[in-house]
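Worksheet: one structure, shown below.
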Amino acid sequence: MKVVVGILIVCILSMVIPFTVKAENEELITAPHGVLMEASTGKIIYEKDMDTRVKPASITKIMTLILIFDELEKGNLHMEDEVVTSAYAKSMGGSQVFLEEGEKQTVETLIKCIVIASGNDASAAMAEHIAGSEAEFVKKMNERAKGLGMENTNFEDCCGLTESDNHYTSAHDVAIMSRELITKYPKILEYSSVWMENITHVTKKGSSEFGLTNTNKLIRSYDGCVGLKTGSTSVAKYCVSAVAKREGITLISVVMTAPDYKVRFKDAAAMLNLGFGSCKLYVDEQKEKLPDILVEGGVLEKVPCEFERKFRYLDTEGASFEHIEKKVKMKKSVKAPVKKGEEMGSVEYYLDGKKIGSVKIICTKGTKKADYGDCIKKVWSCFLKKMC
């Protein structure tokens with residue numbers, strides 16, 4: 001009888017517990033769509049209907065900023081470059097910084113106008129400066145989104161003003177592009193964490209100052225918040241991609257289609273609280289020196305190696321990182337030719353006997369296959385050393 005009762009209890013719990021946990025998670029936020037992601041690993045900590053296609057409003061500008069910083073990294077654009085405002089850019093409605101036709105502003109100033117004050121006119125001016133027209137810039141936005149694996153996104157403008165049904169994204173995709181922006185170009189957080197700043201308009205009418213005020217109120221109300229972007233239209237309702245840092249952990253909290261701005265910020269903060277309350281991040285700095293790999297038949301006899309990247313592991317279940325083990329596996333030798341960046345092994349990480357990830361070991365210097373001339377040089381070099 002006891003055995004039967006025990007089996008019945010186990011069966012009941014197996015049916016009830018998953019449903020209860022799901023119900024509790026759904027009550028965490030009021031908005032219909034949200035996701036919480038840890039930035040360095042990309043791990044999803046919490047989500048609510050995160051892949052449904054919705055209107056992004058000004059959160060669109062996150063991709064606009066990615067393309068701007070892409071051009072800066074390539075050297076095609078510089079912070080001090082001057083951008084001339086066109087009649088089209090001036091004509092943008094919605095959130096704007098009131099640029100005049102023919103007005104010149106530096107790239108850095110326009111970045112501030114976009115990320116702090118969500119300037120639609122500044123976004124259009126940058127799009128035209130980079131690609132010649134907004135339409136060409138939007139093509140680049142969609143190409144970049146595809147490259148990031150944003151499966152539920154399509155852009156039709158560079159700022160999110162459009163009400164087209166063909167301009168959409170998802171909470172998950174917003175987290176993906178937010179992660180790309182802040183991890184690849186962390187300088188953006190220096191701008192997105194600014195609360196207020198003035199810019200100067202210089203036009204035919206003279207010189208005047210204009211104040212930029214951050215649209216992300218969490219900058220002032222949530223401890224550790226450093227960005228990133230808000231959005232709102234009558235169709236998209238209220239959205240936010242909030243970035244916060246505490247004790248080495250960076251979280252991205254995305255809320256889409258919230259009914260009002262208060263819910264938008266309340267939900268974003270609720271997810272951040274969940275993340276900071278449950279997350280621990282393990283980072284292996286990998287400071288140990290790896291042995292060189294012997295090369296058979298190469299100009300170089302050995303090639304140096306290094307870890308491809310740092311290893312990061314995010315735990316949300318209270319595990320002890322003291323139990324993490326590393327197992328390094330490397331080739332003893334390779335045959336020439338060897339290319340720089342070629343895989344030479346890996347280091348695997350285990351927690352309580354379970355594999356939690358790995359990092360490649362790559363060579364940092366290549367070598368070609370030795371020809372007859374190289375062999376003669378090597379023999380001659382050895383001869384001279386012995387003579388000396």
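Identifiers for the structure tokens are assigned positionally: chains receive A, B, ... in sequence, residues are indexed from 1 per chain, and ligands are indexed from 1 in the order shown.
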Close residues, region 280-287 of chain A itself excluded, 9 Å, only C-alpha atoms, min 3 positions apart in chain, as number ranges by chain
A: 248-249, 276-277, 307, 309-319, 321
With only C-alpha atoms as the counted atoms, please give the residues lying no more than 10 Å from region 175-190 of chain A, apart from itself and same-chain residues fewer than 2 positions off, as a PDB file with N, CA and C atoms, in the first residue's frame.
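Written file, out25.pdb:
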```
ATOM      1  N   GLY A  34       8.622  39.226 -23.648  1.00  0.00           N
ATOM      2  CA  GLY A  34       9.835  39.651 -22.944  1.00  0.00           C
ATOM      3  C   GLY A  34      10.892  38.571 -22.940  1.00  0.00           C
ATOM      4  N   VAL A  35      12.115  38.975 -22.710  1.00  0.00           N
ATOM      5  CA  VAL A  35      13.220  38.020 -22.613  1.00  0.00           C
ATOM      6  C   VAL A  35      14.346  38.632 -21.788  1.00  0.00           C
ATOM      7  N   LEU A  36      15.022  37.789 -21.019  1.00  0.00           N
ATOM      8  CA  LEU A  36      16.187  38.204 -20.245  1.00  0.00           C
ATOM      9  C   LEU A  36      17.371  37.369 -20.705  1.00  0.00           C
ATOM     10  N   MET A  37      18.439  38.041 -21.151  1.00  0.00           N
ATOM     11  CA  MET A  37      19.627  37.373 -21.670  1.00  0.00           C
ATOM     12  C   MET A  37      20.868  37.857 -20.944  1.00  0.00           C
ATOM     13  N   GLU A  38      21.792  36.915 -20.668  1.00  0.00           N
ATOM     14  CA  GLU A  38      23.096  37.293 -20.141  1.00  0.00           C
ATOM     15  C   GLU A  38      23.991  37.608 -21.331  1.00  0.00           C
ATOM     16  N   ALA A  39      24.646  38.756 -21.310  1.00  0.00           N
ATOM     17  CA  ALA A  39      25.301  39.277 -22.508  1.00  0.00           C
ATOM     18  C   ALA A  39      26.514  38.483 -22.963  1.00  0.00           C
ATOM     19  N   SER A  40      27.402  38.080 -22.056  1.00  0.00           N
ATOM     20  CA  SER A  40      28.660  37.460 -22.475  1.00  0.00           C
ATOM     21  C   SER A  40      28.479  36.051 -23.021  1.00  0.00           C
ATOM     22  N   THR A  41      27.459  35.333 -22.545  1.00  0.00           N
ATOM     23  CA  THR A  41      27.212  33.961 -23.005  1.00  0.00           C
ATOM     24  C   THR A  41      26.050  33.858 -23.980  1.00  0.00           C
ATOM     25  N   GLY A  42      25.163  34.846 -23.965  1.00  0.00           N
ATOM     26  CA  GLY A  42      23.969  34.782 -24.806  1.00  0.00           C
ATOM     27  C   GLY A  42      22.901  33.864 -24.245  1.00  0.00           C
ATOM     28  N   ILE A  44      19.701  32.517 -22.392  1.00  0.00           N
ATOM     29  CA  ILE A  44      18.378  33.022 -22.041  1.00  0.00           C
ATOM     30  C   ILE A  44      18.039  32.559 -20.627  1.00  0.00           C
ATOM     31  N   MET A  50       8.793  35.024 -26.655  1.00  0.00           N
ATOM     32  CA  MET A  50       9.862  35.886 -27.157  1.00  0.00           C
ATOM     33  C   MET A  50      10.049  35.866 -28.669  1.00  0.00           C
ATOM     34  N   ILE A  59      13.238  50.994 -31.160  1.00  0.00           N
ATOM     35  CA  ILE A  59      14.247  49.972 -30.875  1.00  0.00           C
ATOM     36  C   ILE A  59      14.933  49.559 -32.178  1.00  0.00           C
ATOM     37  N   THR A  60      14.291  49.851 -33.294  1.00  0.00           N
ATOM     38  CA  THR A  60      14.902  49.694 -34.615  1.00  0.00           C
ATOM     39  C   THR A  60      16.304  50.306 -34.648  1.00  0.00           C
ATOM     40  N   ILE A  62      18.679  50.296 -32.729  1.00  0.00           N
ATOM     41  CA  ILE A  62      19.796  49.473 -32.256  1.00  0.00           C
ATOM     42  C   ILE A  62      20.569  48.933 -33.455  1.00  0.00           C
ATOM     43  N   MET A  63      19.832  48.502 -34.485  1.00  0.00           N
ATOM     44  CA  MET A  63      20.512  48.026 -35.693  1.00  0.00           C
ATOM     45  C   MET A  63      21.176  49.176 -36.446  1.00  0.00           C
ATOM     46  N   LEU A  65      22.535  51.736 -35.087  1.00  0.00           N
ATOM     47  CA  LEU A  65      23.776  51.990 -34.348  1.00  0.00           C
ATOM     48  C   LEU A  65      24.833  50.926 -34.635  1.00  0.00           C
ATOM     49  N   ILE A  66      24.415  49.674 -34.792  1.00  0.00           N
ATOM     50  CA  ILE A  66      25.367  48.614 -35.133  1.00  0.00           C
ATOM     51  C   ILE A  66      26.064  48.939 -36.444  1.00  0.00           C
ATOM     52  N   LEU A  67      25.297  49.365 -37.453  1.00  0.00           N
ATOM     53  CA  LEU A  67      25.888  49.683 -38.755  1.00  0.00           C
ATOM     54  C   LEU A  67      26.814  50.896 -38.678  1.00  0.00           C
ATOM     55  N   PHE A  69      28.613  51.778 -36.052  1.00  0.00           N
ATOM     56  CA  PHE A  69      29.851  51.333 -35.412  1.00  0.00           C
ATOM     57  C   PHE A  69      30.628  50.351 -36.290  1.00  0.00           C
ATOM     58  N   ASP A  70      29.931  49.615 -37.139  1.00  0.00           N
ATOM     59  CA  ASP A  70      30.620  48.767 -38.118  1.00  0.00           C
ATOM     60  C   ASP A  70      31.510  49.618 -39.020  1.00  0.00           C
ATOM     61  N   GLU A  73      34.519  50.943 -37.188  1.00  0.00           N
ATOM     62  CA  GLU A  73      35.542  49.916 -37.022  1.00  0.00           C
ATOM     63  C   GLU A  73      36.328  49.681 -38.319  1.00  0.00           C
ATOM     64  N   ILE A 111      25.414  60.234 -32.982  1.00  0.00           N
ATOM     65  CA  ILE A 111      25.263  58.992 -32.206  1.00  0.00           C
ATOM     66  C   ILE A 111      24.571  59.303 -30.881  1.00  0.00           C
ATOM     67  N   LYS A 112      24.994  60.378 -30.233  1.00  0.00           N
ATOM     68  CA  LYS A 112      24.360  60.795 -28.979  1.00  0.00           C
ATOM     69  C   LYS A 112      22.888  61.131 -29.202  1.00  0.00           C
ATOM     70  N   VAL A 115      21.009  57.653 -29.632  1.00  0.00           N
ATOM     71  CA  VAL A 115      20.888  56.736 -28.497  1.00  0.00           C
ATOM     72  C   VAL A 115      20.316  57.405 -27.249  1.00  0.00           C
ATOM     73  N   ARG A 144      22.536  42.538 -42.173  1.00  0.00           N
ATOM     74  CA  ARG A 144      23.204  42.374 -40.867  1.00  0.00           C
ATOM     75  C   ARG A 144      22.333  41.531 -39.935  1.00  0.00           C
ATOM     76  N   ALA A 145      21.020  41.779 -39.962  1.00  0.00           N
ATOM     77  CA  ALA A 145      20.093  41.017 -39.126  1.00  0.00           C
ATOM     78  C   ALA A 145      20.121  39.532 -39.502  1.00  0.00           C
ATOM     79  N   LEU A 148      23.123  37.781 -38.149  1.00  0.00           N
ATOM     80  CA  LEU A 148      23.057  37.527 -36.707  1.00  0.00           C
ATOM     81  C   LEU A 148      22.062  36.427 -36.352  1.00  0.00           C
ATOM     82  N   GLY A 149      21.363  35.905 -37.365  1.00  0.00           N
ATOM     83  CA  GLY A 149      20.385  34.855 -37.112  1.00  0.00           C
ATOM     84  C   GLY A 149      19.067  35.377 -36.568  1.00  0.00           C
ATOM     85  N   MET A 150      18.749  36.628 -36.887  1.00  0.00           N
ATOM     86  CA  MET A 150      17.486  37.228 -36.432  1.00  0.00           C
ATOM     87  C   MET A 150      16.369  36.787 -37.378  1.00  0.00           C
ATOM     88  N   SER A 170      11.213  40.652 -32.980  1.00  0.00           N
ATOM     89  CA  SER A 170      10.703  39.905 -31.826  1.00  0.00           C
ATOM     90  C   SER A 170      11.559  40.263 -30.615  1.00  0.00           C
ATOM     91  N   ALA A 171      11.065  39.949 -29.438  1.00  0.00           N
ATOM     92  CA  ALA A 171      11.832  40.233 -28.221  1.00  0.00           C
ATOM     93  C   ALA A 171      13.181  39.517 -28.271  1.00  0.00           C
ATOM     94  N   HIS A 172      13.182  38.282 -28.755  1.00  0.00           N
ATOM     95  CA  HIS A 172      14.424  37.509 -28.848  1.00  0.00           C
ATOM     96  C   HIS A 172      15.415  38.172 -29.805  1.00  0.00           C
ATOM     97  N   ASP A 173      14.927  38.602 -30.959  1.00  0.00           N
ATOM     98  CA  ASP A 173      15.811  39.244 -31.939  1.00  0.00           C
ATOM     99  C   ASP A 173      16.356  40.576 -31.425  1.00  0.00           C
ATOM    100  N   SER A 192      24.839  55.631 -23.999  1.00  0.00           N
ATOM    101  CA  SER A 192      23.483  55.259 -23.575  1.00  0.00           C
ATOM    102  C   SER A 192      23.259  55.448 -22.082  1.00  0.00           C
ATOM    103  N   SER A 193      24.341  55.620 -21.303  1.00  0.00           N
ATOM    104  CA  SER A 193      24.191  55.836 -19.857  1.00  0.00           C
ATOM    105  C   SER A 193      24.164  57.319 -19.486  1.00  0.00           C
ATOM    106  N   VAL A 194      24.281  58.200 -20.496  1.00  0.00           N
ATOM    107  CA  VAL A 194      24.210  59.648 -20.241  1.00  0.00           C
ATOM    108  C   VAL A 194      22.758  60.034 -19.976  1.00  0.00           C
ATOM    109  N   CYS A 225      21.968  50.168 -14.247  1.00  0.00           N
ATOM    110  CA  CYS A 225      21.475  50.302 -15.619  1.00  0.00           C
ATOM    111  C   CYS A 225      22.360  51.264 -16.413  1.00  0.00           C
ATOM    112  N   VAL A 226      22.800  50.823 -17.588  1.00  0.00           N
ATOM    113  CA  VAL A 226      23.686  51.630 -18.434  1.00  0.00           C
ATOM    114  C   VAL A 226      23.154  51.796 -19.865  1.00  0.00           C
ATOM    115  N   GLY A 227      21.952  51.414 -20.118  1.00  0.00           N
ATOM    116  CA  GLY A 227      21.381  51.563 -21.453  1.00  0.00           C
ATOM    117  C   GLY A 227      20.131  50.700 -21.577  1.00  0.00           C
ATOM    118  N   LEU A 228      19.532  50.545 -22.745  1.00  0.00           N
ATOM    119  CA  LEU A 228      20.181  50.817 -24.017  1.00  0.00           C
ATOM    120  C   LEU A 228      19.255  51.652 -24.914  1.00  0.00           C
ATOM    121  N   LYS A 229      17.996  51.210 -25.100  1.00  0.00           N
ATOM    122  CA  LYS A 229      17.116  51.911 -26.043  1.00  0.00           C
ATOM    123  C   LYS A 229      15.655  51.654 -25.720  1.00  0.00           C
ATOM    124  N   SER A 241      14.815  47.909 -24.416  1.00  0.00           N
ATOM    125  CA  SER A 241      15.922  46.963 -24.265  1.00  0.00           C
ATOM    126  C   SER A 241      16.829  47.584 -23.230  1.00  0.00           C
ATOM    127  N   ALA A 242      16.766  47.052 -22.009  1.00  0.00           N
ATOM    128  CA  ALA A 242      17.507  47.625 -20.878  1.00  0.00           C
ATOM    129  C   ALA A 242      18.746  46.791 -20.577  1.00  0.00           C
ATOM    130  N   VAL A 243      19.875  47.459 -20.432  1.00  0.00           N
ATOM    131  CA  VAL A 243      21.144  46.792 -20.116  1.00  0.00           C
ATOM    132  C   VAL A 243      21.590  47.236 -18.732  1.00  0.00           C
ATOM    133  N   ALA A 244      21.936  46.268 -17.897  1.00  0.00           N
ATOM    134  CA  ALA A 244      22.411  46.598 -16.543  1.00  0.00           C
ATOM    135  C   ALA A 244      23.607  45.726 -16.186  1.00  0.00           C
ATOM    136  N   THR A 250      26.524  41.186 -16.958  1.00  0.00           N
ATOM    137  CA  THR A 250      25.769  42.139 -17.774  1.00  0.00           C
ATOM    138  C   THR A 250      24.517  41.451 -18.301  1.00  0.00           C
ATOM    139  N   LEU A 251      23.368  42.030 -18.008  1.00  0.00           N
ATOM    140  CA  LEU A 251      22.081  41.461 -18.423  1.00  0.00           C
ATOM    141  C   LEU A 251      21.376  42.377 -19.415  1.00  0.00           C
ATOM    142  N   ILE A 252      20.647  41.748 -20.340  1.00  0.00           N
ATOM    143  CA  ILE A 252      19.829  42.466 -21.317  1.00  0.00           C
ATOM    144  C   ILE A 252      18.378  42.074 -21.077  1.00  0.00           C
ATOM    145  N   SER A 253      17.559  43.054 -20.725  1.00  0.00           N
ATOM    146  CA  SER A 253      16.149  42.816 -20.426  1.00  0.00           C
ATOM    147  C   SER A 253      15.291  43.504 -21.485  1.00  0.00           C
ATOM    148  N   VAL A 254      14.582  42.712 -22.270  1.00  0.00           N
ATOM    149  CA  VAL A 254      13.789  43.249 -23.379  1.00  0.00           C
ATOM    150  C   VAL A 254      12.301  43.076 -23.102  1.00  0.00           C
ATOM    151  N   VAL A 255      11.566  44.169 -23.197  1.00  0.00           N
ATOM    152  CA  VAL A 255      10.109  44.156 -23.035  1.00  0.00           C
ATOM    153  C   VAL A 255       9.493  44.727 -24.304  1.00  0.00           C
TER     154      VAL A 255
END
```
Show me, as a list in words, the residues that have an atom within 12 Å of Lys266 (chain A) when counting only C-alpha atoms, minus same-chain residues fewer than 4 positions from it.
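So the residues in contact are Leu28, Ile29, Thr30, Ala31, Gly34, Lys217, Leu218, Ser221, Tyr222, Tyr238, Cys239, Val240, Ala242, Ser253, Val254, Val255, Ala258, Pro259, Asp260, Tyr261, Lys262, Ala270, Met271, Leu272 and Asn273 of chain A.
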Would you put the residues from that selection into a file with C-alpha atoms, as a PDB file, in the first residue's frame?
```pdb
ATOM      1  CA  LEU A  28       6.810  37.867 -13.604  1.00  0.00           C
ATOM      2  CA  ILE A  29       5.970  40.444 -16.293  1.00  0.00           C
ATOM      3  CA  THR A  30       2.713  42.031 -17.413  1.00  0.00           C
ATOM      4  CA  ALA A  31       3.725  42.753 -21.024  1.00  0.00           C
ATOM      5  CA  GLY A  34       9.835  39.651 -22.944  1.00  0.00           C
ATOM      6  CA  LYS A 217      14.221  56.241 -17.186  1.00  0.00           C
ATOM      7  CA  LEU A 218      15.861  53.115 -15.748  1.00  0.00           C
ATOM      8  CA  SER A 221      15.950  54.468 -11.195  1.00  0.00           C
ATOM      9  CA  TYR A 222      17.651  51.069 -11.524  1.00  0.00           C
ATOM     10  CA  TYR A 238       5.863  50.586 -25.308  1.00  0.00           C
ATOM     11  CA  CYS A 239       9.183  48.735 -25.678  1.00  0.00           C
ATOM     12  CA  VAL A 240      12.599  48.764 -24.040  1.00  0.00           C
ATOM     13  CA  ALA A 242      17.507  47.625 -20.878  1.00  0.00           C
ATOM     14  CA  SER A 253      16.149  42.816 -20.426  1.00  0.00           C
ATOM     15  CA  VAL A 254      13.789  43.249 -23.379  1.00  0.00           C
ATOM     16  CA  VAL A 255      10.109  44.156 -23.035  1.00  0.00           C
ATOM     17  CA  ALA A 258       3.776  46.873 -22.971  1.00  0.00           C
ATOM     18  CA  PRO A 259       0.489  48.775 -22.437  1.00  0.00           C
ATOM     19  CA  ASP A 260       2.193  51.871 -20.977  1.00  0.00           C
ATOM     20  CA  TYR A 261       5.635  53.236 -20.117  1.00  0.00           C
ATOM     21  CA  LYS A 262       5.331  52.332 -16.435  1.00  0.00           C
ATOM     22  CA  ALA A 270      11.534  42.623 -12.643  1.00  0.00           C
ATOM     23  CA  MET A 271      13.488  40.495 -15.126  1.00  0.00           C
ATOM     24  CA  LEU A 272      16.766  42.165 -14.177  1.00  0.00           C
ATOM     25  CA  ASN A 273      16.043  41.471 -10.499  1.00  0.00           C
TER      26      ASN A 273
END
```
Expected answer as an MDAnalysis selection string: strand (DSSP E or B) residues in region 223-363 of chain A:
chainID A and resid 225:233 237:246 249:258 280:284 293:296 298 302:303 305:307 311:315 324:330 333:335 338 343:351 354:363
What parts of region 155-270 of chain A does DSSP call alpha helix (DSSP H)? I'd like the answer as a PyMOL selection string.
chain A and resi 171-184+188-192+218-221+261-270
Please dump the current selection as a PDB file, in the first residue's frame; keep C-alpha atoms.
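This is the output file selection05.pdb:
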```
ATOM      1  CA  ALA A 171      11.832  40.233 -28.221  1.00  0.00           C
ATOM      2  CA  HIS A 172      14.424  37.509 -28.848  1.00  0.00           C
ATOM      3  CA  ASP A 173      15.811  39.244 -31.939  1.00  0.00           C
ATOM      4  CA  VAL A 174      16.029  42.552 -30.072  1.00  0.00           C
ATOM      5  CA  ALA A 175      18.103  40.792 -27.400  1.00  0.00           C
ATOM      6  CA  ILE A 176      20.340  39.313 -30.106  1.00  0.00           C
ATOM      7  CA  MET A 177      21.072  42.655 -31.751  1.00  0.00           C
ATOM      8  CA  SER A 178      21.430  44.386 -28.369  1.00  0.00           C
ATOM      9  CA  ARG A 179      24.029  41.792 -27.399  1.00  0.00           C
ATOM     10  CA  GLU A 180      25.898  42.324 -30.670  1.00  0.00           C
ATOM     11  CA  LEU A 181      26.010  46.079 -30.136  1.00  0.00           C
ATOM     12  CA  ILE A 182      27.136  46.127 -26.504  1.00  0.00           C
ATOM     13  CA  THR A 183      29.639  43.244 -26.677  1.00  0.00           C
ATOM     14  CA  LYS A 184      31.257  44.193 -29.983  1.00  0.00           C
ATOM     15  CA  ILE A 188      27.962  52.622 -26.934  1.00  0.00           C
ATOM     16  CA  LEU A 189      27.270  52.204 -23.205  1.00  0.00           C
ATOM     17  CA  GLU A 190      29.215  55.400 -22.509  1.00  0.00           C
ATOM     18  CA  TYR A 191      26.591  57.248 -24.565  1.00  0.00           C
ATOM     19  CA  SER A 192      23.483  55.259 -23.575  1.00  0.00           C
ATOM     20  CA  LEU A 218      15.861  53.115 -15.748  1.00  0.00           C
ATOM     21  CA  ILE A 219      19.193  54.932 -16.103  1.00  0.00           C
ATOM     22  CA  ARG A 220      18.253  56.900 -12.995  1.00  0.00           C
ATOM     23  CA  SER A 221      15.950  54.468 -11.195  1.00  0.00           C
ATOM     24  CA  TYR A 261       5.635  53.236 -20.117  1.00  0.00           C
ATOM     25  CA  LYS A 262       5.331  52.332 -16.435  1.00  0.00           C
ATOM     26  CA  VAL A 263       4.726  48.654 -17.217  1.00  0.00           C
ATOM     27  CA  ARG A 264       7.609  48.746 -19.702  1.00  0.00           C
ATOM     28  CA  PHE A 265      10.118  49.806 -17.050  1.00  0.00           C
ATOM     29  CA  LYS A 266       8.543  47.765 -14.229  1.00  0.00           C
ATOM     30  CA  ASP A 267       8.743  44.561 -16.289  1.00  0.00           C
ATOM     31  CA  ALA A 268      12.306  45.235 -17.408  1.00  0.00           C
ATOM     32  CA  ALA A 269      13.344  45.786 -13.779  1.00  0.00           C
ATOM     33  CA  ALA A 270      11.534  42.623 -12.643  1.00  0.00           C
TER      34      ALA A 270
END
```
Considering only C-alpha atoms, can you say which of A:Glu101, A:Glu343, A:Glu143, A:Asp371 comes closest to Asp121 (chain A)?
A:Glu101
Counting only C-alpha atoms, closest pick from A:Ser91, A:Thr367, A:Asn166, A:Gln96 relative to Ile116 (chain A) is A:Gln96
Given the choices A:Ser358, A:Thr153, A:Ser232, A:Thr169, which gets closest to Ser95 (chain A) if the distance is worked out from only C-alpha atoms?
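For Ser95 (chain A), the nearest of the given residues is A:Ser232.
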In terms of the shortest atom-to-atom distance over only C-alpha atoms, which of A:Ile324, A:Ala57, A:Met330, A:Ala127 is closest to Gly357 (chain A)?
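The closest residue to Gly357 (chain A) is A:Ile324.
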To one decimal in Å, tell me the separation between CA of Glu82 (chain A) and CA of Lys204 (chain A).
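So the two atoms, CA of Glu82 (chain A) and CA of Lys204 (chain A), lie 16.9 Å apart.
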Would you mind telling me which residue in A:Lys335, A:Lys360, A:His33, A:Lys90 lies nearest to Lys55 (chain A) when using only C-alpha atoms?
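For Lys55 (chain A), the nearest of the candidates is A:His33.
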